[in-house]
$ cat data_23.pdb   # PDB, C-alpha atoms
ATOM      1  CA  MET A 276      35.752 157.466 147.752
ATOM      2  CA  GLY A 277      35.634 153.697 147.224
ATOM      3  CA  GLU A 278      33.938 154.276 143.878
ATOM      4  CA  ALA A 279      36.732 156.656 142.828
ATOM      5  CA  LEU A 280      39.442 154.116 143.717
ATOM      6  CA  ARG A 281      37.631 151.323 141.897
ATOM      7  CA  ASN A 282      37.238 153.564 138.839
ATOM      8  CA  PHE A 283      40.945 154.508 139.003
ATOM      9  CA  PHE A 284      42.137 150.899 139.031
ATOM     10  CA  GLU A 285      39.666 149.839 136.312
ATOM     11  CA  HIS A 286      41.113 152.449 133.964
ATOM     12  CA  LEU A 287      44.677 151.676 135.029
ATOM     13  CA  LEU A 288      44.435 147.965 134.198
ATOM     14  CA  VAL A 289      43.129 148.384 130.637
ATOM     15  CA  LEU A 290      45.679 146.901 128.213
ATOM     16  CA  SER A 291      45.386 149.837 125.808
ATOM     17  CA  ASN A 292      46.574 152.207 128.552
ATOM     18  CA  PRO A 293      49.971 153.687 127.597
ATOM     19  CA  LEU A 294      51.035 153.596 131.252
ATOM     20  CA  TRP A 295      51.966 149.931 130.728
ATOM     21  CA  LEU A 296      55.131 151.276 129.076
ATOM     22  CA  TYR A 297      56.175 152.531 132.507
ATOM     23  CA  TYR A 298      57.165 149.080 133.781
ATOM     24  CA  PRO A 299      59.880 148.216 131.244
ATOM     25  CA  LEU A 300      61.165 151.793 131.369
ATOM     26  CA  CYS A 301      61.421 151.711 135.164
ATOM     27  CA  ALA A 302      63.028 148.244 135.121
ATOM     28  CA  VAL A 303      65.714 149.337 132.652
ATOM     29  CA  ALA A 304      66.367 152.547 134.580
ATOM     30  CA  ALA A 305      66.682 150.557 137.822
ATOM     31  CA  VAL A 306      69.180 148.086 136.356
ATOM     32  CA  VAL A 307      71.286 150.791 134.721
ATOM     33  CA  TYR A 308      71.263 152.983 137.833
ATOM     34  CA  LYS A 309      72.189 150.136 140.183
ATOM     35  CA  ALA A 310      74.807 148.731 137.780
ATOM     36  CA  THR A 311      76.713 151.998 138.226
ATOM     37  CA  LYS A 312      76.704 151.448 142.001
ATOM     38  CA  PHE A 313      77.603 147.745 142.354
ATOM     39  CA  ASP A 314      79.870 145.209 140.644
ATOM     40  CA  ASP A 315      78.319 141.975 141.936
ATOM     41  CA  PRO A 316      75.425 140.778 139.730
ATOM     42  CA  ARG A 317      73.443 139.559 142.762
ATOM     43  CA  LYS A 318      73.687 142.961 144.421
ATOM     44  CA  ILE A 319      72.691 144.642 141.172
ATOM     45  CA  ALA A 320      69.633 142.412 140.786
ATOM     46  CA  ARG A 321      68.549 142.750 144.418
ATOM     47  CA  SER A 322      69.059 146.519 144.447
ATOM     48  CA  ALA A 323      67.373 147.002 141.080
ATOM     49  CA  LEU A 324      64.346 145.010 142.229
ATOM     50  CA  HIS A 325      64.121 147.067 145.418
ATOM     51  CA  PHE A 326      64.477 150.305 143.429
ATOM     52  CA  PHE A 327      61.848 149.185 140.898
ATOM     53  CA  LEU A 328      59.342 148.205 143.578
ATOM     54  CA  SER A 329      59.928 151.361 145.616
ATOM     55  CA  VAL A 330      59.463 153.668 142.646
ATOM     56  CA  THR A 331      56.453 151.724 141.348
ATOM     57  CA  VAL A 332      54.667 151.689 144.698
ATOM     58  CA  GLY A 333      55.427 155.378 145.167
ATOM     59  CA  MET A 334      54.029 156.216 141.738
ATOM     60  CA  ILE A 335      50.866 154.189 142.367
ATOM     61  CA  VAL A 336      50.336 155.901 145.730
ATOM     62  CA  LEU A 337      50.834 159.334 144.150
ATOM     63  CA  GLY A 338      48.465 158.409 141.332
ATOM     64  CA  VAL A 339      45.763 157.294 143.756
ATOM     65  CA  VAL A 340      46.181 160.405 145.913
ATOM     66  CA  PHE A 341      45.986 162.797 142.967
ATOM     67  CA  TYR A 342      43.074 160.896 141.403
ATOM     68  CA  VAL A 343      41.079 160.982 144.626
ATOM     69  CA  LEU A 344      41.914 164.661 145.117
ATOM     70  CA  SER A 345      40.742 165.429 141.583
ATOM     71  CA  ARG A 346      37.442 163.666 142.281
ATOM     72  CA  VAL A 347      36.909 165.360 145.658
ATOM     73  CA  PHE A 348      37.745 168.910 144.607
TER
END
$ encode --input "data_23.pdb" --output "structure tokens"
Amino acid sequence: MGEALRNFFEHLLVLSNPLWLYYPLCAVAAVVYKATKFDDPRKIARSALHFFLSVTVGMIVLGVVFYVLSRVF
């Protein structure tokens, strides 16, 4: 299982991987979504950062889980 995780992250961190486009897309979506909820720029920034990190961590966890499951089964 350790080999599968290492292989997953090696492929994820390659610069030619199109998944790098996820980060600006998620950041823009977070700012736009939170700007509709708050008026104060500090609250928008803090909330957007929290939203971005939560979604990113969740996506990485789901990616690892599905990758490991695909290697096991």
$ residues_around --input "data_23.pdb" --residues "A:Ala305" --least-positions-apart "6" --cutoff "12 Å" --atoms "all atoms listed in the file" --output "list in words"
Tyr297, Tyr298, Pro299, Thr311, Lys312, Ile319, Ala320, Arg321, Ser322, Ala323, Leu324, His325, Phe326, Phe327, Leu328, Ser329, Val330 and Thr331 of chain A
$ atom_distance --input "data_23.pdb" --atom1 "atom CA of A:Ile335" --atom2 "atom CA of A:Ala310"
25.0 Å
$ closest_residue --input "data_23.pdb" --among "A:Phe313, A:Tyr308, A:Phe348, A:Phe341" --to "A:Leu280" --atoms "only C-alpha atoms"
A:Phe341
$ axis_aligned_box --input "data_23.pdb" --around "stretch 280-297 of chain A" --padding-each-side "5 Å" --output "lines of an AutoDock Vina configuration file"
center_x = 46.7
center_y = 150.7
center_z = 134.8
size_x = 28.9
size_y = 17.6
size_z = 27.9
$ residues_near_point --input "data_23.pdb" --point "(41.8, 157.0, 144.9)" --cutoff "6 Å" --atoms "only C-alpha atoms" --output "mmCIF file with C-alpha atoms, in the coordinates of the input"
data_model
loop_
_atom_site.group_PDB
_atom_site.id
_atom_site.type_symbol
_atom_site.label_atom_id
_atom_site.label_comp_id
_atom_site.auth_asym_id
_atom_site.auth_seq_id
_atom_site.Cartn_x
_atom_site.Cartn_y
_atom_site.Cartn_z
ATOM 1 C CA ALA A 279 36.732 156.656 142.828
ATOM 2 C CA LEU A 280 39.442 154.116 143.717
ATOM 3 C CA VAL A 339 45.763 157.294 143.756
ATOM 4 C CA VAL A 340 46.181 160.405 145.913
ATOM 5 C CA TYR A 342 43.074 160.896 141.403
ATOM 6 C CA VAL A 343 41.079 160.982 144.626
#
$ atom_distance --input "data_23.pdb" --atom1 "atom CA of A:Phe283" --atom2 "atom CA of A:Gly338"
8.8 Å
$ atom_distance --input "data_23.pdb" --atom1 "atom CA of A:Val332" --atom2 "atom CA of A:Val289"
18.5 Å
$ decode --input "data_23.pdb" --residues "stretch 321-335 of chain A" --atoms "N, CA and C atoms" --output "PDB file, in the first residue's frame"
ATOM      1  N   ARG A 321     -10.723  35.164   4.387  1.00  0.00           N
ATOM      2  CA  ARG A 321     -10.609  34.087   5.367  1.00  0.00           C
ATOM      3  C   ARG A 321     -11.515  32.919   5.002  1.00  0.00           C
ATOM      4  N   SER A 322     -12.742  33.211   4.617  1.00  0.00           N
ATOM      5  CA  SER A 322     -13.696  32.162   4.258  1.00  0.00           C
ATOM      6  C   SER A 322     -13.296  31.458   2.970  1.00  0.00           C
ATOM      7  N   ALA A 323     -12.805  32.230   2.004  1.00  0.00           N
ATOM      8  CA  ALA A 323     -12.377  31.625   0.739  1.00  0.00           C
ATOM      9  C   ALA A 323     -11.180  30.711   0.947  1.00  0.00           C
ATOM     10  N   LEU A 324     -10.248  31.120   1.800  1.00  0.00           N
ATOM     11  CA  LEU A 324      -9.097  30.267   2.097  1.00  0.00           C
ATOM     12  C   LEU A 324      -9.549  28.979   2.778  1.00  0.00           C
ATOM     13  N   HIS A 325     -10.441  29.092   3.735  1.00  0.00           N
ATOM     14  CA  HIS A 325     -10.962  27.905   4.420  1.00  0.00           C
ATOM     15  C   HIS A 325     -11.685  26.990   3.436  1.00  0.00           C
ATOM     16  N   PHE A 326     -12.502  27.562   2.574  1.00  0.00           N
ATOM     17  CA  PHE A 326     -13.232  26.787   1.564  1.00  0.00           C
ATOM     18  C   PHE A 326     -12.252  26.090   0.621  1.00  0.00           C
ATOM     19  N   PHE A 327     -11.257  26.834   0.143  1.00  0.00           N
ATOM     20  CA  PHE A 327     -10.255  26.283  -0.771  1.00  0.00           C
ATOM     21  C   PHE A 327      -9.507  25.116  -0.137  1.00  0.00           C
ATOM     22  N   LEU A 328      -9.056  25.306   1.093  1.00  0.00           N
ATOM     23  CA  LEU A 328      -8.306  24.239   1.768  1.00  0.00           C
ATOM     24  C   LEU A 328      -9.186  23.030   2.057  1.00  0.00           C
ATOM     25  N   SER A 329     -10.417  23.257   2.464  1.00  0.00           N
ATOM     26  CA  SER A 329     -11.324  22.147   2.755  1.00  0.00           C
ATOM     27  C   SER A 329     -11.609  21.321   1.504  1.00  0.00           C
ATOM     28  N   VAL A 330     -11.904  21.995   0.423  1.00  0.00           N
ATOM     29  CA  VAL A 330     -12.211  21.282  -0.826  1.00  0.00           C
ATOM     30  C   VAL A 330     -10.961  20.575  -1.349  1.00  0.00           C
ATOM     31  N   THR A 331      -9.809  21.229  -1.289  1.00  0.00           N
ATOM     32  CA  THR A 331      -8.580  20.633  -1.784  1.00  0.00           C
ATOM     33  C   THR A 331      -8.186  19.406  -0.978  1.00  0.00           C
ATOM     34  N   VAL A 332      -8.239  19.505   0.331  1.00  0.00           N
ATOM     35  CA  VAL A 332      -7.908  18.346   1.171  1.00  0.00           C
ATOM     36  C   VAL A 332      -8.903  17.213   0.923  1.00  0.00           C
ATOM     37  N   GLY A 333     -10.170  17.543   0.815  1.00  0.00           N
ATOM     38  CA  GLY A 333     -11.174  16.523   0.532  1.00  0.00           C
ATOM     39  C   GLY A 333     -10.930  15.826  -0.795  1.00  0.00           C
ATOM     40  N   MET A 334     -10.566  16.592  -1.814  1.00  0.00           N
ATOM     41  CA  MET A 334     -10.296  15.999  -3.124  1.00  0.00           C
ATOM     42  C   MET A 334      -9.051  15.124  -3.096  1.00  0.00           C
ATOM     43  N   ILE A 335      -8.028  15.539  -2.370  1.00  0.00           N
ATOM     44  CA  ILE A 335      -6.815  14.718  -2.261  1.00  0.00           C
ATOM     45  C   ILE A 335      -7.120  13.420  -1.531  1.00  0.00           C
TER      46      ILE A 335
END
